[in-house]
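Peer 1: Okay, here's the structure, questions in a sec.
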Amino acid sequence: MSENLKQTFDDALQTLIDDRYMNDNPLAMACRYALEGPGKRVRPTLTLLVNKMLGGSLQRALPSALAIELVHTYSLVHDDLPACDNDDLRRGRPTVHRKFDETIALLCGDALLTDAFALIDDVAAVHELANAAGSRGMVLGQTMDMRMPLQALPQLDQLHLHKTGRLIAAACVIGGLSADATADQCSVLRSFGEKIGLAFQITDDLLDDDAGTGKTAGKDRTQGKATYLTLLGPTAGRAAAERYTAEAIDLVSKWNSATLVGYVNGLLDRRF
Ligand code: GRG
């Protein structure tokens with residue numbers, strides 16, 4: 001079921017790419033290249049799964065799901081720049097600034113972020129996404145990562161919550177909004193998404209040393225970053241990811257959530 005939704009999303013993304021990014025100017029080429037990379041599409045899949053769980057219309061959820069993937073892709077393109085993480089590899093291919101150049105990568109991120117908001121016509125979803133991505137969300141998380149050195153686990157959780165959790169939470173809330181969820185339901189979906197985001201980022205930390213993630217292996221270790229792997233080790237790290245996932249699942253157990261639960265449990269065992 002989640003595979004079907006991912007395929008539906010991938011088809012909609014291809015239609016968007018064909019519509020918006022098929023010119024042969026360097027900006028359109030870079031946007032197309034970034035979006036066509038084989039991403040897991042976790043955030044839009046969560047949006048569509050939550051929409052389905054609450055009996056919403058798929059067609060109503062798709063534009064917001066596309067917008068969330070555009071914002072996520074922008075963040076990866078900028079994160080890979082020399083001024084941030086300085087990475088050569090993303091989604092198993094050269095990063096956008098390696099394939100094109102830094103100027104184009106900067107502009108590609110700007111364009112994807114801006115275009116995202118042209119896709120959504122629901123004001124509540126616009127607010128949710130903007131707040132999750134901006135100075136109190138993902139970009140603050142990136143700032144913590146780059147300029148606010150941390151030593152202890154609670155600070156690491158705050159970093160994860162902002163850098164990764166807020167956007168994943170917004171994906172879940174926006175799935176709810178597309179199914180006319182109430183404010184109380186949205187608040188449960190936000191907590192659900194934040195916990196899934198924490199589990200997702202811990203799993204990302206634990207995969208740092210693995211080959212086959214499509215990213216440079218051992219990057220955190222060589223940069224001497226404090227992560228769940230360096231602070232807790234693989235066993236306690238895995239246990240923390242499982243605990244956050246179980247807490248998240250508990251929150252949605254009152255709904256018909258079997259497909260969503262199957263999907264988020266699967267994220268714990270991802271290899272890339
Ligand atoms: C403005 C220069 C500038 C930088 C800002 C906002 C930002 C850059 C970065 C956001 C932080 C970031 C990259 C968080 C990463 C979170 C994360 C786990 C990314 C990987 O997500 P996956 O595994 O990737 O879902 P795929 O490739 O599958 O989509």
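Here, A, B, ... name the chains of the structure tokens in the order displayed, residue numbers run from 1 inside each chain, and ligands are numbered from 1 in the same displayed order.
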Got a sec to check which residues lie within 8 Å of ligand 1, using only C-alpha atoms and all ligand atoms, and send them as a PyMOL selection string?
Peer 2: chain A and resi 37-43+69+72-81+83-84+90-91+106+133-134+138-142+163-164+200-201+204+272
Peer 1: Which residues come within 9 Å of A:Ala111, counting only C-alpha atoms, excluding same-chain residues fewer than 3 positions away, as a count of residues only?
Peer 2: 9
Peer 1: Which residues are close to A:Thr15, i.e. within 12 Å by only C-alpha atoms, leaving aside same-chain residues fewer than 5 positions away? Reply as a list in words.
Peer 2: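 Here the qualifying residues turn out to be Thr8, Phe9, Asp10, Arg20, Tyr21, Met22, Arg32, Leu35, Glu36, Leu62, Pro63 and Leu66 of chain A.
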Peer 1: Determine the nearest neighbour of A:Gly175 from the options A:Ala124, A:Val71, A:Ala239, A:Leu119, counting only C-alpha atoms.
Peer 2: A:Ala124
Peer 1: Each residue of stretch 143-220 of chain A lying at most 12 Å from stretch 93-101 of chain A should get a row with its shortest atom-to-atom pair and the distance in Å to one decimal, counting only C-alpha atoms; could you produce that, ordered by chain and increasing number, as a Markdown table?
Peer 2:
```
| residue | atom | partner | partner_atom | distance |
| --- | --- | --- | --- | --- |
| A:Gly212 | CA | A:Arg93 | CA | 11.6 |
| A:Thr213 | CA | A:Arg93 | CA | 10.9 |
| A:Gly214 | CA | A:Arg93 | CA | 7.1 |
| A:Lys215 | CA | A:Arg93 | CA | 8.5 |
| A:Thr216 | CA | A:Arg93 | CA | 10.5 |
```
Peer 1: Show me, as a list in words, the residues that have an atom within 10 Å of A:Ala258 when counting only C-alpha atoms, minus same-chain residues fewer than 6 positions from it.
Peer 2: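 Skipping anything fewer than 6 positions along the chain leaves Met53, Ile249 and Val252 of chain A.
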Peer 1: Just want the 9 Å neighbourhood of A:Gly56, counted on only C-alpha atoms, with same-chain residues fewer than 3 positions away dropped. Output as a CSV table (one decimal) with N, CA and C atoms, in the first residue's frame.
Peer 2:
```csv
chain,number,residue,atom,x,y,z
A,48,LEU,N,0.7,11.3,2.4
A,48,LEU,CA,-0.4,10.6,1.7
A,48,LEU,C,-0.9,9.4,2.6
A,50,VAL,N,-1.1,9.5,6.0
A,50,VAL,CA,-2.0,10.2,7.0
A,50,VAL,C,-3.3,10.6,6.3
A,51,ASN,N,-3.2,11.2,5.1
A,51,ASN,CA,-4.4,11.5,4.4
A,51,ASN,C,-5.4,10.3,4.2
A,52,LYS,N,-4.8,9.2,3.8
A,52,LYS,CA,-5.6,8.0,3.6
A,52,LYS,C,-6.1,7.5,4.9
A,53,MET,N,-5.3,7.5,5.9
A,53,MET,CA,-5.8,7.0,7.3
A,53,MET,C,-7.0,7.7,7.7
A,59,GLN,N,-6.2,13.4,-4.3
A,59,GLN,CA,-5.9,14.5,-5.2
A,59,GLN,C,-5.7,15.8,-4.4
A,60,ARG,N,-6.4,15.9,-3.3
A,60,ARG,CA,-6.3,17.1,-2.5
A,60,ARG,C,-4.9,17.2,-1.7
A,61,ALA,N,-4.4,16.0,-1.4
A,61,ALA,CA,-3.1,15.9,-0.7
A,61,ALA,C,-1.9,16.0,-1.5
A,175,GLY,N,-0.9,16.2,5.9
A,175,GLY,CA,-1.7,15.1,5.5
A,175,GLY,C,-3.0,15.1,6.2
A,176,GLY,N,-3.0,15.5,7.5
A,176,GLY,CA,-4.2,15.6,8.3
A,176,GLY,C,-5.1,16.8,7.7
A,177,LEU,N,-4.5,17.9,7.5
A,177,LEU,CA,-5.2,19.1,7.0
A,177,LEU,C,-5.9,18.7,5.7
A,178,SER,N,-5.3,17.9,4.8
A,178,SER,CA,-5.9,17.6,3.5
A,178,SER,C,-7.1,16.6,3.7
A,179,ALA,N,-7.2,16.1,4.9
A,179,ALA,CA,-8.4,15.3,5.2
A,179,ALA,C,-9.3,15.9,6.3
A,180,ASP,N,-9.2,17.3,6.3
A,180,ASP,CA,-10.0,18.1,7.3
A,180,ASP,C,-9.9,17.6,8.7
```
